[in-house]
file protein_34.cif (mmCIF, C-alpha atoms and all ligand atoms)
data_work
#
loop_
_atom_site.group_PDB
_atom_site.id
_atom_site.type_symbol
_atom_site.label_atom_id
_atom_site.label_comp_id
_atom_site.auth_asym_id
_atom_site.auth_seq_id
_atom_site.Cartn_x
_atom_site.Cartn_y
_atom_site.Cartn_z
ATOM 1 C CA MET O 12 9.587 18.413 36.262
ATOM 2 C CA SER O 13 8.716 14.896 37.210
ATOM 3 C CA GLY O 14 5.309 13.606 38.139
ATOM 4 C CA PRO O 15 1.982 15.364 37.862
ATOM 5 C CA THR O 16 1.552 19.031 38.784
ATOM 6 C CA VAL O 17 -1.708 20.641 39.883
ATOM 7 C CA CYS O 18 -2.332 24.368 39.388
ATOM 8 C CA LEU O 19 -5.322 25.864 41.166
ATOM 9 C CA GLY O 20 -6.401 29.088 39.465
ATOM 10 C CA PHE O 21 -8.993 31.425 40.940
ATOM 11 C CA ASP O 22 -10.315 34.141 38.648
ATOM 12 C CA PHE O 23 -11.044 36.819 41.239
ATOM 13 C CA ASP O 24 -13.461 38.771 39.060
ATOM 14 C CA ALA O 25 -15.682 40.130 41.875
ATOM 15 C CA VAL O 26 -18.004 42.730 40.318
ATOM 16 C CA SER O 27 -15.861 43.401 37.235
ATOM 17 C CA ILE O 28 -17.243 40.447 35.293
ATOM 18 C CA TRP O 29 -20.812 41.660 35.773
ATOM 19 C CA ILE O 30 -19.967 45.216 34.695
ATOM 20 C CA HIS O 31 -17.745 44.418 31.751
ATOM 21 C CA ALA O 32 -18.885 41.022 30.479
ATOM 22 C CA TYR O 33 -22.582 41.007 31.363
ATOM 23 C CA ASP O 34 -23.377 44.728 31.016
ATOM 24 C CA ALA O 35 -25.052 44.740 34.438
ATOM 25 C CA ALA O 36 -23.645 47.982 35.898
ATOM 26 C CA ASP O 37 -27.213 49.134 36.628
ATOM 27 C CA SER O 38 -28.254 45.987 38.483
ATOM 28 C CA PRO O 39 -27.616 46.159 42.253
ATOM 29 C CA THR O 40 -28.502 42.517 42.732
ATOM 30 C CA THR O 41 -26.176 41.352 40.012
ATOM 31 C CA LEU O 42 -23.332 43.511 41.327
ATOM 32 C CA SER O 43 -23.943 42.107 44.807
ATOM 33 C CA ARG O 44 -23.053 38.656 43.466
ATOM 34 C CA GLY O 45 -19.569 40.038 42.840
ATOM 35 C CA GLU O 46 -19.449 41.634 46.294
ATOM 36 C CA TYR O 47 -20.300 38.205 47.703
ATOM 37 C CA GLY O 48 -17.258 36.812 45.921
ATOM 38 C CA ALA O 49 -14.889 39.326 47.470
ATOM 39 C CA GLU O 50 -16.405 39.677 50.919
ATOM 40 C CA VAL O 51 -17.857 36.259 51.704
ATOM 41 C CA ALA O 52 -16.359 33.654 49.393
ATOM 42 C CA VAL O 53 -12.680 34.670 49.332
ATOM 43 C CA PRO O 54 -12.236 34.593 53.136
ATOM 44 C CA ARG O 55 -13.778 31.109 53.230
ATOM 45 C CA LEU O 56 -11.644 30.043 50.319
ATOM 46 C CA LEU O 57 -8.450 31.305 51.961
ATOM 47 C CA ASP O 58 -9.300 29.326 55.105
ATOM 48 C CA CYS O 59 -9.908 26.261 52.933
ATOM 49 C CA LEU O 60 -6.531 26.677 51.177
ATOM 50 C CA ASP O 61 -4.853 27.121 54.577
ATOM 51 C CA ARG O 62 -6.315 23.834 55.760
ATOM 52 C CA LEU O 63 -5.135 22.118 52.600
ATOM 53 C CA GLY O 64 -1.704 23.768 52.690
ATOM 54 C CA VAL O 65 -1.589 24.340 48.928
ATOM 55 C CA PRO O 66 -0.654 27.494 46.986
ATOM 56 C CA ALA O 67 -3.000 29.011 44.414
ATOM 57 C CA THR O 68 -2.917 31.666 41.723
ATOM 58 C CA PHE O 69 -5.488 34.465 41.802
ATOM 59 C CA PHE O 70 -5.987 36.014 38.368
ATOM 60 C CA THR O 71 -7.237 39.406 39.477
ATOM 61 C CA PRO O 72 -8.548 42.265 37.329
ATOM 62 C CA GLY O 73 -7.199 45.705 38.282
ATOM 63 C CA HIS O 74 -10.827 46.673 38.838
ATOM 64 C CA THR O 75 -11.020 44.084 41.645
ATOM 65 C CA VAL O 76 -7.669 45.232 43.056
ATOM 66 C CA ASP O 77 -8.815 48.861 43.155
ATOM 67 C CA SER O 78 -12.263 47.973 44.524
ATOM 68 C CA PHE O 79 -11.197 45.468 47.207
ATOM 69 C CA PRO O 80 -7.522 46.303 47.887
ATOM 70 C CA GLU O 81 -7.433 44.896 51.405
ATOM 71 C CA ARG O 82 -8.819 41.557 50.226
ATOM 72 C CA VAL O 83 -6.240 41.322 47.451
ATOM 73 C CA LYS O 84 -3.448 42.162 49.908
ATOM 74 C CA GLU O 85 -4.758 39.427 52.188
ATOM 75 C CA VAL O 86 -4.666 36.902 49.323
ATOM 76 C CA HIS O 87 -1.021 37.828 48.724
ATOM 77 C CA GLU O 88 -0.061 37.874 52.399
ATOM 78 C CA ARG O 89 -1.526 34.413 52.907
ATOM 79 C CA GLY O 90 0.915 32.998 50.391
ATOM 80 C CA HIS O 91 -0.901 33.033 47.067
ATOM 81 C CA ASP O 92 0.161 34.493 43.767
ATOM 82 C CA VAL O 93 -1.688 37.464 42.229
ATOM 83 C CA GLN O 94 -1.505 37.654 38.446
ATOM 84 C CA HIS O 95 -2.934 39.803 35.650
ATOM 85 C CA HIS O 96 -6.506 39.447 34.399
ATOM 86 C CA GLY O 97 -6.998 42.779 32.610
ATOM 87 C CA TRP O 98 -7.840 45.998 34.427
ATOM 88 C CA SER O 99 -11.382 45.914 33.218
ATOM 89 C CA HIS O 100 -12.929 42.534 32.517
ATOM 90 C CA ARG O 101 -13.458 43.365 28.848
ATOM 91 C CA HIS O 102 -12.857 41.092 25.887
ATOM 92 C CA PRO O 103 -9.512 42.193 24.405
ATOM 93 C CA GLY O 104 -11.209 42.435 21.027
ATOM 94 C CA SER O 105 -13.723 44.974 22.355
ATOM 95 C CA PHE O 106 -11.220 47.817 22.672
ATOM 96 C CA GLU O 107 -11.437 50.494 20.016
ATOM 97 C CA SER O 108 -7.691 50.415 19.339
ATOM 98 C CA ARG O 109 -4.411 48.687 20.164
ATOM 99 C CA ALA O 110 -3.502 51.704 22.295
ATOM 100 C CA ALA O 111 -6.710 51.384 24.332
ATOM 101 C CA GLU O 112 -6.136 47.682 24.921
ATOM 102 C CA ARG O 113 -2.518 48.335 25.906
ATOM 103 C CA ALA O 114 -3.591 51.100 28.320
ATOM 104 C CA ASP O 115 -5.982 48.686 30.053
ATOM 105 C CA VAL O 116 -3.218 46.096 30.470
ATOM 106 C CA VAL O 117 -0.796 48.739 31.793
ATOM 107 C CA ARG O 118 -3.422 49.991 34.244
ATOM 108 C CA GLY O 119 -3.899 46.420 35.483
ATOM 109 C CA ILE O 120 -0.156 46.057 36.067
ATOM 110 C CA GLU O 121 -0.087 49.324 38.016
ATOM 111 C CA SER O 122 -3.037 48.301 40.199
ATOM 112 C CA ILE O 123 -1.306 45.053 41.205
ATOM 113 C CA GLU O 124 2.035 46.797 41.776
ATOM 114 C CA ASP O 125 0.381 49.440 43.964
ATOM 115 C CA ALA O 126 -1.472 46.836 46.047
ATOM 116 C CA ILE O 127 1.159 44.162 46.639
ATOM 117 C CA GLY O 128 4.432 45.650 45.415
ATOM 118 C CA GLU O 129 5.020 42.957 42.799
ATOM 119 C CA THR O 130 4.847 43.045 39.013
ATOM 120 C CA PRO O 131 2.731 40.318 37.415
ATOM 121 C CA THR O 132 4.629 37.949 35.137
ATOM 122 C CA GLY O 133 1.572 36.212 33.683
ATOM 123 C CA TYR O 134 -1.642 37.191 31.963
ATOM 124 C CA ARG O 135 -5.043 35.556 31.711
ATOM 125 C CA SER O 136 -7.401 37.159 29.234
ATOM 126 C CA PRO O 137 -10.767 38.072 30.807
ATOM 127 C CA ALA O 138 -12.439 36.413 27.821
ATOM 128 C CA TRP O 139 -9.944 33.550 27.454
ATOM 129 C CA ASP O 140 -9.324 35.047 24.037
ATOM 130 C CA PHE O 141 -6.993 37.542 22.369
ATOM 131 C CA SER O 142 -7.468 40.434 19.993
ATOM 132 C CA ALA O 143 -5.175 40.795 16.985
ATOM 133 C CA HIS O 144 -2.884 42.869 19.247
ATOM 134 C CA THR O 145 -2.894 41.049 22.589
ATOM 135 C CA LEU O 146 0.145 38.846 22.041
ATOM 136 C CA ASP O 147 2.223 41.801 20.807
ATOM 137 C CA VAL O 148 1.130 43.885 23.790
ATOM 138 C CA LEU O 149 2.089 41.112 26.240
ATOM 139 C CA ARG O 150 5.523 40.718 24.622
ATOM 140 C CA GLU O 151 6.089 44.466 24.609
ATOM 141 C CA LEU O 152 5.210 44.742 28.314
ATOM 142 C CA GLY O 153 7.498 41.885 29.330
ATOM 143 C CA PHE O 154 5.011 39.196 30.261
ATOM 144 C CA GLU O 155 6.543 35.711 30.441
ATOM 145 C CA TRP O 156 3.473 33.526 30.197
ATOM 146 C CA ASP O 157 -0.220 33.427 29.436
ATOM 147 C CA SER O 158 -3.074 31.206 30.539
ATOM 148 C CA SER O 159 -5.992 31.782 28.145
ATOM 149 C CA GLN O 160 -5.702 29.381 25.226
ATOM 150 C CA MET O 161 -6.503 25.751 24.557
ATOM 151 C CA GLY O 162 -3.872 24.261 22.228
ATOM 152 C CA HIS O 163 -3.140 21.428 24.655
ATOM 153 C CA ASP O 164 -4.876 19.995 27.681
ATOM 154 C CA PHE O 165 -2.096 18.980 30.059
ATOM 155 C CA ARG O 166 1.129 20.419 28.631
ATOM 156 C CA PRO O 167 2.484 23.971 28.504
ATOM 157 C CA TYR O 168 3.547 25.151 25.046
ATOM 158 C CA TYR O 169 4.770 28.318 23.363
ATOM 159 C CA LEU O 170 2.298 30.733 21.798
ATOM 160 C CA ARG O 171 2.610 31.506 18.095
ATOM 161 C CA THR O 172 2.415 34.821 16.296
ATOM 162 C CA GLY O 173 1.316 35.543 12.746
ATOM 163 C CA ARG O 174 -1.548 33.064 12.707
ATOM 164 C CA GLU O 175 -3.606 33.132 9.488
ATOM 165 C CA ALA O 176 -7.023 31.497 9.216
ATOM 166 C CA PRO O 177 -8.338 32.374 5.751
ATOM 167 C CA THR O 178 -11.805 31.085 4.925
ATOM 168 C CA ASP O 179 -10.628 30.096 1.450
ATOM 169 C CA GLY O 180 -7.204 28.639 2.251
ATOM 170 C CA ALA O 181 -5.233 26.421 4.593
ATOM 171 C CA TYR O 182 -4.702 27.331 8.222
ATOM 172 C CA ASP O 183 -1.278 28.732 9.127
ATOM 173 C CA PRO O 184 -0.530 28.530 12.882
ATOM 174 C CA GLY O 185 2.318 31.079 12.665
ATOM 175 C CA ILE O 186 5.708 30.971 14.361
ATOM 176 C CA GLU O 187 6.588 30.283 17.959
ATOM 177 C CA THR O 188 7.219 33.123 20.409
ATOM 178 C CA GLU O 189 8.907 33.145 23.815
ATOM 179 C CA ILE O 190 5.538 33.489 25.634
ATOM 180 C CA LEU O 191 4.685 30.243 27.415
ATOM 181 C CA GLU O 192 1.076 29.112 27.409
ATOM 182 C CA LEU O 193 -0.359 27.279 30.423
ATOM 183 C CA PRO O 194 -3.570 26.168 28.761
ATOM 184 C CA VAL O 195 -7.098 26.404 30.164
ATOM 185 C CA SER O 196 -10.223 24.422 29.373
ATOM 186 C CA TRP O 197 -13.963 25.092 29.570
ATOM 187 C CA HIS O 198 -14.125 21.497 30.846
ATOM 188 C CA ARG O 199 -12.108 22.408 33.917
ATOM 189 C CA ASP O 200 -13.858 25.677 34.804
ATOM 190 C CA ASP O 201 -16.541 26.122 37.454
ATOM 191 C CA TRP O 202 -18.308 29.027 35.698
ATOM 192 C CA PRO O 203 -19.991 27.149 32.818
ATOM 193 C CA ALA O 204 -20.647 24.118 35.021
ATOM 194 C CA LEU O 205 -21.967 25.767 38.154
ATOM 195 C CA GLN O 206 -22.836 29.440 37.672
ATOM 196 C CA TYR O 207 -26.433 30.387 37.029
ATOM 197 C CA VAL O 208 -26.854 33.470 34.841
ATOM 198 C CA PRO O 209 -30.475 34.528 34.225
ATOM 199 C CA ASP O 210 -31.342 35.211 30.610
ATOM 200 C CA ALA O 211 -28.071 33.642 29.454
ATOM 201 C CA SER O 212 -27.632 29.937 29.065
ATOM 202 C CA GLY O 213 -29.024 29.326 32.535
ATOM 203 C CA ARG O 214 -26.731 26.345 32.880
ATOM 204 C CA THR O 215 -26.326 24.744 36.268
ATOM 205 C CA ALA O 216 -25.328 21.239 37.121
ATOM 206 C CA PRO O 217 -28.045 19.070 38.663
ATOM 207 C CA ASP O 218 -25.270 16.916 40.088
ATOM 208 C CA GLU O 219 -22.771 19.295 41.646
ATOM 209 C CA PRO O 220 -20.535 16.631 43.230
ATOM 210 C CA GLY O 221 -20.481 15.026 39.765
ATOM 211 C CA VAL O 222 -18.693 18.092 38.376
ATOM 212 C CA PHE O 223 -15.880 17.592 40.866
ATOM 213 C CA ASP O 224 -15.911 13.826 40.200
ATOM 214 C CA ALA O 225 -15.373 14.546 36.491
ATOM 215 C CA TRP O 226 -12.288 16.624 37.340
ATOM 216 C CA ARG O 227 -10.991 13.764 39.492
ATOM 217 C CA GLU O 228 -11.445 11.411 36.516
ATOM 218 C CA GLN O 229 -9.657 13.814 34.184
ATOM 219 C CA PHE O 230 -6.740 14.027 36.599
ATOM 220 C CA GLU O 231 -6.507 10.240 36.806
ATOM 221 C CA TRP O 232 -6.561 10.023 33.007
ATOM 222 C CA MET O 233 -3.727 12.556 32.817
ATOM 223 C CA CYS O 234 -1.642 10.682 35.384
ATOM 224 C CA GLU O 235 -2.048 7.443 33.435
ATOM 225 C CA ARG O 236 -1.261 8.808 29.981
ATOM 226 C CA VAL O 237 0.676 12.090 30.116
ATOM 227 C CA ASP O 238 4.185 12.219 31.552
ATOM 228 C CA ASP O 239 4.736 15.241 33.796
ATOM 229 C CA GLY O 240 1.272 16.585 33.026
ATOM 230 C CA VAL O 241 0.064 19.920 34.360
ATOM 231 C CA PHE O 242 -3.521 19.772 35.607
ATOM 232 C CA SER O 243 -4.981 23.265 35.679
ATOM 233 C CA LEU O 244 -8.373 23.979 37.240
ATOM 234 C CA THR O 245 -10.220 27.295 37.032
ATOM 235 C CA PHE O 246 -12.507 28.477 39.798
ATOM 236 C CA HIS O 247 -14.266 31.741 40.577
ATOM 237 C CA PRO O 248 -14.607 32.551 44.288
ATOM 238 C CA GLN O 249 -18.218 33.699 43.808
ATOM 239 C CA VAL O 250 -19.027 30.322 42.218
ATOM 240 C CA VAL O 251 -17.026 27.764 44.189
ATOM 241 C CA GLY O 252 -17.652 29.676 47.429
ATOM 242 C CA GLN O 253 -21.379 28.845 47.308
ATOM 243 C CA PRO O 254 -22.108 26.163 49.926
ATOM 244 C CA PRO O 255 -21.313 23.390 50.046
ATOM 245 C CA ARG O 256 -18.989 23.507 47.054
ATOM 246 C CA LEU O 257 -15.854 24.293 49.084
ATOM 247 C CA ARG O 258 -16.419 20.940 50.753
ATOM 248 C CA TYR O 259 -16.257 19.277 47.326
ATOM 249 C CA LEU O 260 -13.189 21.307 46.427
ATOM 250 C CA GLU O 261 -11.483 20.388 49.679
ATOM 251 C CA SER O 262 -12.059 16.670 49.236
ATOM 252 C CA LEU O 263 -10.978 16.804 45.577
ATOM 253 C CA VAL O 264 -7.742 18.606 46.435
ATOM 254 C CA ALA O 265 -7.064 16.261 49.342
ATOM 255 C CA GLU O 266 -7.420 13.291 46.987
ATOM 256 C CA LEU O 267 -5.198 14.788 44.284
ATOM 257 C CA ARG O 268 -2.617 15.660 46.912
ATOM 258 C CA ALA O 269 -2.474 12.000 47.973
ATOM 259 C CA THR O 270 -1.249 11.009 44.485
ATOM 260 C CA PRO O 271 2.383 9.817 44.549
ATOM 261 C CA SER O 272 4.887 12.508 43.476
ATOM 262 C CA VAL O 273 2.194 15.127 42.814
ATOM 263 C CA GLU O 274 3.159 18.801 43.270
ATOM 264 C CA PHE O 275 0.827 21.733 43.789
ATOM 265 C CA GLU O 276 2.359 24.826 42.222
ATOM 266 C CA THR O 277 1.432 28.347 41.227
ATOM 267 C CA PHE O 278 1.261 29.006 37.504
ATOM 268 C CA ASP O 279 4.264 31.290 37.782
ATOM 269 C CA ARG O 280 6.402 28.573 39.344
ATOM 270 C CA VAL O 281 5.433 26.099 36.630
ATOM 271 C CA ALA O 282 6.304 28.678 33.966
ATOM 272 C CA ALA O 283 9.653 29.327 35.651
ATOM 273 C CA ARG O 284 10.454 25.591 35.761
ATOM 274 C CA PHE O 285 9.471 25.129 32.147
HETATM 275 ZN ZN ZN O 301 -12.506 36.518 34.782
#

call {"tool": "encode", "arguments": {"input": "protein_34.cif", "output": "structure tokens", "more": "lines below"}}
Ligand SMILES: [Zn+2]
result
Amino acid sequence: MSGPTVCLGFDFDAVSIWIHAYDAADSPTTLSRGEYGAEVAVPRLLDCLDRLGVPATFFTPGHTVDSFPERVKEVHERGHDVQHHGWSHRHPGSFESRAAERADVVRGIESIEDAIGETPTGYRSPAWDFSAHTLDVLRELGFEWDSSQMGHDFRPYYLRTGREAPTDGAYDPGIETEILELPVSWHRDDWPALQYVPDASGRTAPDEPGVFDAWREQFEWMCERVDDGVFSLTFHPQVVGQPPRLRYLESLVAELRATPSVEFETFDRVAARF
């Protein structure tokens, strides 16, 4: 690699996040926010990405694939990569056993294979966190990379196994595995910055363009100080699709694209190059 790389990641959670992370299966209004993501926001987003001419990665729960198969096929057919984001949108640590967690991951693989005829190579945890078993399950099922952890900001690195964090002793980070990590950051995610969730934190940004300006600043910082940095942004269609945020996204991407020697890549392509 040479020069900065930008990876646009869209967590296509649709209704799954409301069912499995916010326990809102009985709330028609809340579920309709997820429907909005699939039916209103994604088509607009795909048009926006067409105009920009950049590829993106859609981390898509099997629940979304099974619920909105035609939309997921459209994402794939319009040139974007579909990768694993659980079948359900449950925290990996919430499964009652290793076998139950593994079954959910396998079901997610099967949903993607059935919809687009390709096997996902990468995984993004729905909670951006692992259980004690997740890394083993990913290795066993042949995943090549993950994008859920935060051990670096702008460089891929290899995940470690056997981590020990005793409360009464020194931290042991474990030993390196062959699973590449393409790290994420809460500071480059539209959900905490721009999504309003009643009765939760209720966080929204009073200055929405300022959120995108901060990402522009972070990218400039990376270009100045990190050789061959990988700038990964996380969006959710139901969040960034709310007007006029796609306008902000479009102008941000257009500016990043004007940077000398910048490449826009899918996560899978960056993992393959690494
Ligand atoms: Zn998600």

call {"tool": "residues_near_ligand", "arguments": {"input": "protein_34.cif", "ligand": "ligand ZN 301 (chain O)", "cutoff": "8 Å", "atoms": "all atoms listed in the file", "output": "list of chain:residue names"}}
result
O:Asp22, O:Phe23, O:Asp24, O:Ile28, O:Phe70, O:Thr71, O:Pro72, O:His96, O:His100, O:Ser136, O:Pro137, O:Ala138, O:His247

call {"tool": "atom_distance", "arguments": {"input": "protein_34.cif", "atom1": "atom CA of O:His87", "atom2": "atom CA of O:Ala52"}}
result
15.9 Å

call {"tool": "resolve_selection", "arguments": {"input": "protein_34.cif", "expression": "the PyMOL selection byres (((chain O and resi 154-164) around 7) and not hetatm)", "output": "ChimeraX atom specification"}}
result
/O:132-136,139-140,149-150,152-153,165-166,190-196,282

call {"tool": "closest_residue", "arguments": {"input": "protein_34.cif", "among": "O:Val251, O:Ala32, O:Val241, O:Val26", "to": "O:Val281", "atoms": "only C-alpha atoms"}}
result
O:Val241

call {"tool": "residues_around", "arguments": {"input": "protein_34.cif", "residues": "O:Thr172", "least_positions_apart": "2", "cutoff": "6 Å", "atoms": "all atoms listed in the file", "output": "short mmCIF file (atom, residue, chain, number, x, y, z; two decimals) with C-alpha atoms, in the frame of the given file"}}
result
data_model
loop_
_atom_site.label_atom_id
_atom_site.label_comp_id
_atom_site.auth_asym_id
_atom_site.auth_seq_id
_atom_site.Cartn_x
_atom_site.Cartn_y
_atom_site.Cartn_z
CA ARG O 174 -1.55 33.06 12.71
CA GLY O 185 2.32 31.08 12.66
CA ILE O 186 5.71 30.97 14.36
#

call {"tool": "decode", "arguments": {"input": "protein_34.cif", "residues": "stretch 87-102 of chain O", "atoms": "N, CA, C and O atoms", "output": "tab-separated table (two decimals), in the first residue's frame"}}
result
chain	number	residue	atom	x	y	z
O	87	HIS	N	-25.30	-5.59	-3.48
O	87	HIS	CA	-24.23	-6.40	-4.08
O	87	HIS	C	-24.12	-6.12	-5.59
O	87	HIS	O	-23.01	-5.92	-6.11
O	88	GLU	N	-25.27	-6.08	-6.25
O	88	GLU	CA	-25.26	-5.91	-7.71
O	88	GLU	C	-24.76	-4.53	-8.12
O	88	GLU	O	-24.27	-4.35	-9.24
O	89	ARG	N	-24.86	-3.58	-7.21
O	89	ARG	CA	-24.39	-2.22	-7.54
O	89	ARG	C	-22.94	-2.02	-7.12
O	89	ARG	O	-22.45	-0.91	-7.03
O	90	GLY	N	-22.25	-3.14	-6.85
O	90	GLY	CA	-20.79	-3.09	-6.75
O	90	GLY	C	-20.22	-3.01	-5.36
O	90	GLY	O	-19.02	-2.78	-5.20
O	91	HIS	N	-21.05	-3.21	-4.34
O	91	HIS	CA	-20.54	-3.09	-2.97
O	91	HIS	C	-20.39	-4.48	-2.34
O	91	HIS	O	-20.97	-5.45	-2.79
O	92	ASP	N	-19.58	-4.49	-1.30
O	92	ASP	CA	-19.24	-5.75	-0.65
O	92	ASP	C	-20.19	-5.99	0.52
O	92	ASP	O	-20.46	-5.07	1.30
O	93	VAL	N	-20.69	-7.21	0.65
O	93	VAL	CA	-21.57	-7.58	1.77
O	93	VAL	C	-20.78	-8.50	2.69
O	93	VAL	O	-20.29	-9.55	2.25
O	94	GLN	N	-20.64	-8.09	3.95
O	94	GLN	CA	-19.87	-8.89	4.90
O	94	GLN	C	-20.69	-9.19	6.15
O	94	GLN	O	-21.79	-8.70	6.34
O	95	HIS	N	-20.12	-10.03	7.02
O	95	HIS	CA	-20.86	-10.64	8.13
O	95	HIS	C	-21.00	-9.68	9.31
O	95	HIS	O	-20.06	-9.00	9.70
O	96	HIS	N	-22.21	-9.68	9.88
O	96	HIS	CA	-22.48	-8.81	11.05
O	96	HIS	C	-23.41	-9.55	12.02
O	96	HIS	O	-24.36	-8.98	12.54
O	97	GLY	N	-23.10	-10.87	12.21
O	97	GLY	CA	-24.00	-11.72	12.99
O	97	GLY	C	-25.21	-12.13	12.16
O	97	GLY	O	-25.46	-11.57	11.09
O	98	TRP	N	-25.94	-13.15	12.63
O	98	TRP	CA	-27.30	-13.34	12.05
O	98	TRP	C	-28.23	-12.44	12.82
O	98	TRP	O	-28.80	-11.51	12.27
O	99	SER	N	-28.35	-12.68	14.09
O	99	SER	CA	-29.07	-11.73	14.93
O	99	SER	C	-28.10	-10.59	15.25
O	99	SER	O	-26.90	-10.69	15.00
O	100	HIS	N	-28.63	-9.54	15.79
O	100	HIS	CA	-27.76	-8.40	16.17
O	100	HIS	C	-27.51	-8.44	17.67
O	100	HIS	O	-27.57	-7.42	18.36
O	101	ARG	N	-27.20	-9.66	18.16
O	101	ARG	CA	-26.98	-9.82	19.61
O	101	ARG	C	-25.51	-9.64	19.96
O	101	ARG	O	-24.62	-9.94	19.16
O	102	HIS	N	-25.27	-9.19	21.17
O	102	HIS	CA	-23.90	-9.15	21.70
O	102	HIS	C	-23.38	-10.59	21.76
O	102	HIS	O	-24.08	-11.47	22.29
